[in-house]
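*Asks:* I'd like to ask you about the structure that follows.
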Amino acid sequence: INAEYGMSDSTKDGPAEDEMKYFSDPAATEKYQIAPASSAAEQNSETLGHRIALCNEVKKLLSAGYEIHPSRVNEEVEWFFWKLGLDGYYFQRTSADTIATHVLSLYAAKIVAHTNKNPLQLNLASEQEGKAIFVSHSSTHLLEETAINLHYKIEQDFLDEGYRTEDGAKKRRYRLQCYRTEGTVSPVSPVHLRFFFLGTPTYVNPNPPKGCTDLNEVASQEFLAGINYHPHTKQLYQEMLIEVEKQELGACFRFQEVTKRGDLRLAIAYKHGSTHSFFSGIMILYDYYDLYCTIKFVEQFSNDVVIHSIYLAPKKDGNLAQRARANKGQKENDLSRLLQDASLVYVLPRTSLTPLFVKQILSVQEVQYAYCGWKFVYQFIGGFTSEYAAFTKALSKDSAKLNILIRLRNRLRKETFTEVRVKDAIFEYPAIIRALYDDFSRYHLPISSGSSEKPYDSLHGGELLDLIFNTVDSDLDLLIFSTFLMFNRHILKTNFYKTEKVALSFRLDPSFLTGPNYEHVPYAVFMIVGSEFRGYHIRFRDIARGGVRIIKSASAELFLQNASSLFDENYNLALTQQKKNKDIPEGGSKGTILLSVDHQDKPSLAFKKYVDALLDLLLPNSNIVDHLKKEEIIFLGPDEGTAEFMNWASEHARVRGYKFWRSFATGKSQSKGGIPHDLYGMTTRSIRQYVLGIMEKKNLSEDRVTKVQTGGPDGDLGSNEIKISRDITKAIVDGSGVLFDPMGLNRKELQRLAEQRIMVRSFDKSKLSSKGFFVDVQERDIKLPNGLRVESGLVFRNEFHLNPLFSADIFVPCGGRPEAVHNGNVAQLFDENTKKPHFQYIVEGANLFFTQGARSFLEKEGVVIFKDSSANKGGVTSSSLEVFAGLALSDEEFDELMCLHGDNVPSFYQSYVVEVQRVIETNARMEFNCIWNENEKTGMNRSLISDLLSERIQVLKDQIITMSNDKENDILWKDEGLKARVLEKAIPQILLDRLGLEVIIRRVPEAYLKAVFASYLSSRYIYHFGLKPPEFSFFVFVKKLIGC
């Protein structure tokens, strides 16, 4: 036995002579972060003495029982203490009772393995308040499922970085120290053990000031006790803390060769909560690279920074051939590739395709590419068949039937091409994915600064089509992988190969969007994929602006519905914005962010990653191959769920170095130079002009007009509609429920709710008449005053806009989901007996509340309706002028004139807001009069006139811009007199008085000024002359402008 266990004297307790090296090796103290005593002798004597005493105590405990035969106790304990190669930290922090249990468990596992002739399996766990220990066997051959599951458990229960957030609760975060034994469990066994030690940190300062990066203040006492003796490691941690705080988003990566031990140290730092499942994801990655971990630490800091420090060694029998494919011929020891892959793991640490990486079927690059391609394919597959095109052409003159066909096509497409079906194809044909990824990398992997192996070619890939055709067994799979190739063919830029990233972004050439669903091809499409979301940004012109909205899903079923319609909803919102932006410089754009099912509580993080990934493609970077070769300008604005993030977006753009940062995001707070739409009622001012216009044309007195509205006093439009109107409001529907009174809701009480921005749930019910009621969405089985019963308050709320009780002279939707009224339910807006409409006049405040088919039906029956793209454009006008101020003013001027400091409102700001309001009301009234007059002359539906006005103005605007870029044929922009005259009329007078036209022209990008020039000319001309202006009228119009 002594010979087997390597002991020269079985009666000798304590370490063999060679084991003494551990206690005197300086490298060991740095490796294990053990703080030395005042001298090496004191350190060694104290540690050695403690371990010997602990060893003897464990022997006594095991000898007192009968689980191990007395003849084996000494040998098993001696091996455990002196030959297994356990880290000293274990013996310092673990009690004799626990060690005895671990010795016994290891002994039992060896007996079971020997008896069953199976490999040794050992998995121990000890969880107590504030600390935990896990012990598992460790293999360098194969990454076992037990190891992955243990990492999943640790990141979920102890690091608060699991895939799912439970109940939104913030968990206590633990420090982690993990050690792999240097020795094996016995001389005849190759099995090593891995120990995980977890404990709650005791911070020096649990609540450091914002932005604090002083390691001595934000670290734990436990960490500092060891790290203070290792200045190089301490300096590394300090540098990473500063870098993470500076960049705010993303991870900081460092690779170091630890020469004293021959290990490689991979250090990763990031803000807690900025990713999930990273602890398991990085483990799977280094296993793929045929590396194993000897030691790893996860340190938590009180400023929310997390730092992983992982010591890596090569597997002795490592086979590197599988990753040669992904490395594109680079040397196997090229660590930059591993760092790049680590950044991909940080971005998408765990997805449904991760098993392909775990089993080393695909590389991490191939898996992440496949994941993004999967989302593209699901969105666009099967949408452009020739049969469908033929049907839509045949129904082109019947908008109602065409809309039914489109809705049916969308439903059938998603039922056939589910996300699961696309995923199944990826798992079945990984070789095709490898070929598609190779094709992708040839066009986007930088082989030198900013250049790739292949130039952009949207028609490439004939050999790939042959491979797909000859490999797959079904038409569905053929279509799936053909759509993957379509994805490859239309990528102009991507941040895929940029190391510092937080989400993956792709600038797409939108030319693949054809057919009746996409009659208007956008100017640009961005697709962004993050670990918590997927999203798009679509703009219809080079200079464009629009909001970004967060889309949440209350259930998995609703998420599937939202996912299937995500791009189409984004497209329609952007197109509506394009039509709405008819009389401002910017074209229409929109962004959408769909939160994943398990990350509904992370809208802020998703938005920040979305914006940062967009900025990656707007800023020059040598790791991004730019096939577009053109500077792009993007302006974002608030929408559902994002209003509170606009300050951050603007500031982050400044930090990233985006030169148009002041105008990058509108809807900022006043302290950042923003003009809040809700505070000044900007959107409502436009809607109001249409309501007033109707009453003037129909000789209606407002105090006698009845009204119903969706969208309550807690929202922008709902609250301002209440505050600005004097009508008899009968019903309001909002997120809390339905408030109704046929005698008219008490206006003072409504005003109170609107001032406080609270839902109608808070309405004083004593102020309702005997026929009035409030039904809460949370209520069930309610009896209304008229005797009717309501089974579900939620269903009642969702359908009340179709209820006969919801009737009045005028309906102003100020909130609600898109397509709330469509071809299938629009008939319910009419009385069953009299066939009269529930409301005679409709002014759409909310976007897309009605489908075009529903509008046509209503107008055919005599209802006067003004659609969203005309009525609610006040907000976009305000935002446009906010953008212009940011472009025209210098940083210092912007801070002085447009930013509120404390309660002081600059006089310039006040005057500028008044000018903005004037422009909104002027534009709205001009368009209202034009639509009304065209309807009077032609009898054409007002909703169609609205679309035609947008189309005519946009066409003329595009023609003017195109002409201005053609130096030989330009006769407008190069006319300095005309240019000056138009710009002086279009630019707010207070800016002209402050800066002068010459300064503005010098500062504002020429492309933007051309858009200002073109939008003013085209909108004023069409509003004045209508849809069919006389010949030469434009010439006359221009001559009048310049005073000829």
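To be explicit about the labels: the chains of the structure tokens are called A, B, and onward in the order shown, and within each one the residues are counted from 1, while ligands get numbers from 1 in the order they are shown.
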As a VMD selection string, which residues of segment 132-189 of chain A does DSSP assign to strand (DSSP E)?
*Replies:* chain A and resid 132 to 138 175 to 180
*Asks:* Show me, as an mmCIF file with all heavy atoms, in the first residue's frame, the residues that have an atom within 12 Å of Thr101 of chain A when counting only C-alpha atoms, minus same-chain residues fewer than 6 positions from it.
*Replies:*
data_model
loop_
_atom_site.group_PDB
_atom_site.id
_atom_site.type_symbol
_atom_site.label_atom_id
_atom_site.label_comp_id
_atom_site.auth_asym_id
_atom_site.auth_seq_id
_atom_site.Cartn_x
_atom_site.Cartn_y
_atom_site.Cartn_z
ATOM 1 N N VAL A 58 -8.943 14.832 10.898
ATOM 2 C CA VAL A 58 -9.784 14.084 9.956
ATOM 3 C C VAL A 58 -9.594 12.587 10.149
ATOM 4 O O VAL A 58 -10.547 11.802 10.097
ATOM 5 C CB VAL A 58 -9.471 14.512 8.512
ATOM 6 C CG1 VAL A 58 -10.176 13.592 7.525
ATOM 7 C CG2 VAL A 58 -9.900 15.949 8.277
ATOM 8 N N LYS A 59 -8.362 12.166 10.379
ATOM 9 C CA LYS A 59 -8.101 10.738 10.626
ATOM 10 C C LYS A 59 -8.877 10.250 11.838
ATOM 11 O O LYS A 59 -9.469 9.151 11.826
ATOM 12 C CB LYS A 59 -6.608 10.513 10.835
ATOM 13 C CG LYS A 59 -5.762 10.630 9.579
ATOM 14 C CD LYS A 59 -4.309 10.405 9.921
ATOM 15 C CE LYS A 59 -3.423 10.578 8.689
ATOM 16 N NZ LYS A 59 -1.981 10.394 9.000
ATOM 17 N N LEU A 61 -11.632 11.489 13.083
ATOM 18 C CA LEU A 61 -13.063 11.442 12.779
ATOM 19 C C LEU A 61 -13.435 10.192 11.985
ATOM 20 O O LEU A 61 -14.452 9.545 12.251
ATOM 21 C CB LEU A 61 -13.474 12.696 12.002
ATOM 22 C CG LEU A 61 -13.500 14.016 12.771
ATOM 23 C CD1 LEU A 61 -13.709 15.178 11.814
ATOM 24 C CD2 LEU A 61 -14.604 14.003 13.828
ATOM 25 N N LEU A 62 -12.620 9.858 10.999
ATOM 26 C CA LEU A 62 -12.925 8.690 10.174
ATOM 27 C C LEU A 62 -12.655 7.386 10.918
ATOM 28 O O LEU A 62 -13.343 6.377 10.703
ATOM 29 C CB LEU A 62 -12.112 8.747 8.883
ATOM 30 C CG LEU A 62 -12.523 9.844 7.896
ATOM 31 C CD1 LEU A 62 -11.564 9.892 6.718
ATOM 32 C CD2 LEU A 62 -13.942 9.609 7.385
ATOM 33 N N GLY A 65 -15.586 6.107 13.083
ATOM 34 C CA GLY A 65 -16.727 5.483 12.413
ATOM 35 C C GLY A 65 -16.306 4.174 11.767
ATOM 36 O O GLY A 65 -15.184 3.690 11.927
ATOM 37 N N GLU A 67 -17.274 3.571 8.323
ATOM 38 C CA GLU A 67 -17.501 3.672 6.886
ATOM 39 C C GLU A 67 -16.257 3.251 6.102
ATOM 40 O O GLU A 67 -16.357 2.676 5.017
ATOM 41 C CB GLU A 67 -17.867 5.116 6.515
ATOM 42 C CG GLU A 67 -19.234 5.552 7.021
ATOM 43 C CD GLU A 67 -19.131 6.147 8.419
ATOM 44 O OE1 GLU A 67 -18.026 6.080 9.004
ATOM 45 O OE2 GLU A 67 -20.151 6.653 8.937
ATOM 46 N N ILE A 68 -15.071 3.557 6.634
ATOM 47 C CA ILE A 68 -13.818 3.133 6.012
ATOM 48 C C ILE A 68 -13.100 2.191 6.976
ATOM 49 O O ILE A 68 -12.998 2.473 8.175
ATOM 50 C CB ILE A 68 -12.901 4.344 5.714
ATOM 51 C CG1 ILE A 68 -13.600 5.340 4.788
ATOM 52 C CG2 ILE A 68 -11.587 3.895 5.073
ATOM 53 C CD1 ILE A 68 -12.764 6.555 4.450
ATOM 54 N N VAL A 77 -6.586 9.306 3.836
ATOM 55 C CA VAL A 77 -6.448 10.692 4.279
ATOM 56 C C VAL A 77 -5.115 11.285 3.835
ATOM 57 O O VAL A 77 -5.038 12.433 3.380
ATOM 58 C CB VAL A 77 -6.612 10.783 5.810
ATOM 59 C CG1 VAL A 77 -6.361 12.219 6.286
ATOM 60 C CG2 VAL A 77 -8.012 10.341 6.229
ATOM 61 N N PHE A 80 -5.299 12.165 0.245
ATOM 62 C CA PHE A 80 -6.174 13.322 0.051
ATOM 63 C C PHE A 80 -5.446 14.617 0.411
ATOM 64 O O PHE A 80 -5.559 15.625 -0.288
ATOM 65 C CB PHE A 80 -7.430 13.160 0.921
ATOM 66 C CG PHE A 80 -8.531 14.136 0.613
ATOM 67 C CD1 PHE A 80 -9.488 13.858 -0.345
ATOM 68 C CD2 PHE A 80 -8.608 15.355 1.293
ATOM 69 C CE1 PHE A 80 -10.500 14.758 -0.631
ATOM 70 C CE2 PHE A 80 -9.610 16.264 1.011
ATOM 71 C CZ PHE A 80 -10.574 15.965 0.050
ATOM 72 N N THR A 94 -12.022 25.055 5.004
ATOM 73 C CA THR A 94 -12.939 23.920 5.123
ATOM 74 C C THR A 94 -12.731 23.227 6.458
ATOM 75 O O THR A 94 -11.588 22.965 6.863
ATOM 76 C CB THR A 94 -12.733 22.926 3.978
ATOM 77 O OG1 THR A 94 -12.717 23.641 2.730
ATOM 78 C CG2 THR A 94 -13.852 21.895 3.940
ATOM 79 N N SER A 95 -13.831 22.925 7.140
ATOM 80 C CA SER A 95 -13.747 22.298 8.459
ATOM 81 C C SER A 95 -13.353 20.838 8.345
ATOM 82 O O SER A 95 -13.486 20.202 7.289
ATOM 83 C CB SER A 95 -15.102 22.404 9.164
ATOM 84 O OG SER A 95 -16.062 21.596 8.502
ATOM 85 N N TYR A 107 -13.813 8.007 -1.407
ATOM 86 C CA TYR A 107 -13.511 6.586 -1.190
ATOM 87 C C TYR A 107 -14.662 5.721 -1.710
ATOM 88 O O TYR A 107 -14.454 4.717 -2.414
ATOM 89 C CB TYR A 107 -13.284 6.343 0.304
ATOM 90 C CG TYR A 107 -12.998 4.910 0.661
ATOM 91 C CD1 TYR A 107 -11.798 4.300 0.278
ATOM 92 C CD2 TYR A 107 -13.918 4.164 1.399
ATOM 93 C CE1 TYR A 107 -11.526 2.963 0.614
ATOM 94 C CE2 TYR A 107 -13.660 2.842 1.735
ATOM 95 C CZ TYR A 107 -12.459 2.250 1.348
ATOM 96 O OH TYR A 107 -12.208 0.938 1.678
ATOM 97 N N ALA A 108 -15.894 6.132 -1.394
ATOM 98 C CA ALA A 108 -17.065 5.369 -1.849
ATOM 99 C C ALA A 108 -17.163 5.382 -3.368
ATOM 100 O O ALA A 108 -17.487 4.370 -3.997
ATOM 101 C CB ALA A 108 -18.335 5.959 -1.226
ATOM 102 N N LEU A 124 -20.081 16.329 -5.462
ATOM 103 C CA LEU A 124 -20.439 16.671 -4.093
ATOM 104 C C LEU A 124 -20.891 18.122 -4.034
ATOM 105 O O LEU A 124 -20.401 18.972 -4.780
ATOM 106 C CB LEU A 124 -19.243 16.479 -3.156
ATOM 107 C CG LEU A 124 -18.604 15.083 -3.133
ATOM 108 C CD1 LEU A 124 -17.397 15.093 -2.222
ATOM 109 C CD2 LEU A 124 -19.606 14.037 -2.684
ATOM 110 N N ALA A 125 -21.805 18.390 -3.122
ATOM 111 C CA ALA A 125 -22.302 19.754 -2.956
ATOM 112 C C ALA A 125 -22.552 20.031 -1.488
ATOM 113 O O ALA A 125 -23.095 19.186 -0.776
ATOM 114 C CB ALA A 125 -23.584 19.961 -3.755
ATOM 115 N N SER A 126 -22.134 21.198 -1.063
ATOM 116 C CA SER A 126 -22.400 21.653 0.298
ATOM 117 C C SER A 126 -22.805 23.114 0.216
ATOM 118 O O SER A 126 -21.991 23.981 -0.114
ATOM 119 C CB SER A 126 -21.152 21.488 1.172
ATOM 120 O OG SER A 126 -21.355 22.079 2.447
ATOM 121 N N VAL A 135 -17.777 19.850 -5.531
ATOM 122 C CA VAL A 135 -16.642 19.030 -5.946
ATOM 123 C C VAL A 135 -17.114 18.109 -7.057
ATOM 124 O O VAL A 135 -18.156 17.456 -6.930
ATOM 125 C CB VAL A 135 -16.079 18.196 -4.780
ATOM 126 C CG1 VAL A 135 -14.815 17.459 -5.224
ATOM 127 C CG2 VAL A 135 -15.793 19.069 -3.571
#
*Asks:* For atom CA of Leu436 of chain A and atom CA of Leu353 of chain A, determine how far apart the two atoms are, in Å to one decimal place.
*Replies:*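 Atom CA of Leu353 of chain A lies 15.8 Å from atom CA of Leu436 of chain A.
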*Asks:* Can you tell me which residues surround Val905 of chain A at a distance of at most 12 Å, considering only C-alpha atoms, apart from same-chain residues fewer than 3 positions away, and format the answer as a count of residues only?
*Replies:* 18
*Asks:* When distances are computed from only C-alpha atoms, which of A:Glu1031, A:Asp868, A:Glu934, A:Asp542 shows the smallest separation from Thr962 of chain A?
*Replies:*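 Among the listed residues, the smallest separation from Thr962 of chain A belongs to A:Asp542.
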*Asks:* Select from segment 488-642 of chain A everything DSSP, run on the backbone, classes as helix (DSSP H, G or I), then give the selection as a ChimeraX atom specification.
*Replies:* /A:488-489,510-512,516-518,556-564,566-583,597-599,603-618
*Asks:* Near Leu829 of chain A, counting only C-alpha atoms, which residues have an atom at most 10 Å away, once you skip same-chain residues fewer than 3 positions from it, shown as a list in words?
*Replies:*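 Neighbouring residues, sequence-local ones excluded: His801, Leu802, Asn803, Pro804, Phe806, Ser807, Val821, Asn825, Val826, Glu832, Lys835, Lys836, Pro837, His838, Phe839 and Leu858 of chain A.
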*Asks:* Any chance you could export the current selection's N, CA and C atoms as a short mmCIF file (atom, residue, chain, number, x, y, z; two decimals), in the first residue's frame?
*Replies:*
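Output file out_4.cif follows:
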data_model
loop_
_atom_site.label_atom_id
_atom_site.label_comp_id
_atom_site.auth_asym_id
_atom_site.auth_seq_id
_atom_site.Cartn_x
_atom_site.Cartn_y
_atom_site.Cartn_z
N HIS A 801 -63.79 49.10 -27.85
CA HIS A 801 -63.85 50.06 -28.96
C HIS A 801 -64.83 49.61 -30.04
N LEU A 802 -65.27 48.35 -29.97
CA LEU A 802 -66.28 47.83 -30.91
C LEU A 802 -67.67 47.76 -30.28
N ASN A 803 -67.77 48.07 -29.00
CA ASN A 803 -69.03 47.97 -28.26
C ASN A 803 -69.96 49.11 -28.63
N PRO A 804 -71.27 48.84 -28.77
CA PRO A 804 -72.22 49.92 -29.10
C PRO A 804 -72.21 51.07 -28.10
N PHE A 806 -69.68 52.40 -26.92
CA PHE A 806 -68.55 53.26 -27.29
C PHE A 806 -68.93 54.03 -28.55
N SER A 807 -69.80 55.03 -28.38
CA SER A 807 -70.29 55.80 -29.52
C SER A 807 -70.37 57.27 -29.14
N VAL A 821 -58.80 47.93 -35.49
CA VAL A 821 -59.98 47.85 -36.36
C VAL A 821 -59.50 47.45 -37.74
N ASN A 825 -63.55 43.21 -38.48
CA ASN A 825 -64.41 43.68 -37.39
C ASN A 825 -64.97 45.08 -37.61
N VAL A 826 -64.63 45.73 -38.71
CA VAL A 826 -65.04 47.11 -38.90
C VAL A 826 -66.57 47.25 -38.95
N GLU A 832 -76.54 47.66 -35.35
CA GLU A 832 -77.12 46.50 -36.03
C GLU A 832 -78.45 46.81 -36.69
N LYS A 835 -77.98 50.80 -38.76
CA LYS A 835 -76.79 50.79 -39.64
C LYS A 835 -76.01 52.11 -39.59
N LYS A 836 -76.34 52.92 -38.60
CA LYS A 836 -75.61 54.17 -38.44
C LYS A 836 -74.26 53.91 -37.76
N PRO A 837 -73.25 54.69 -38.10
CA PRO A 837 -71.94 54.47 -37.47
C PRO A 837 -71.95 54.93 -36.01
N HIS A 838 -71.09 54.27 -35.21
CA HIS A 838 -70.98 54.65 -33.80
C HIS A 838 -70.42 56.07 -33.64
N PHE A 839 -69.66 56.54 -34.62
CA PHE A 839 -69.14 57.92 -34.60
C PHE A 839 -69.08 58.42 -36.04
N LEU A 858 -65.26 52.52 -43.81
CA LEU A 858 -65.89 53.59 -43.05
C LEU A 858 -66.23 54.78 -43.94
#
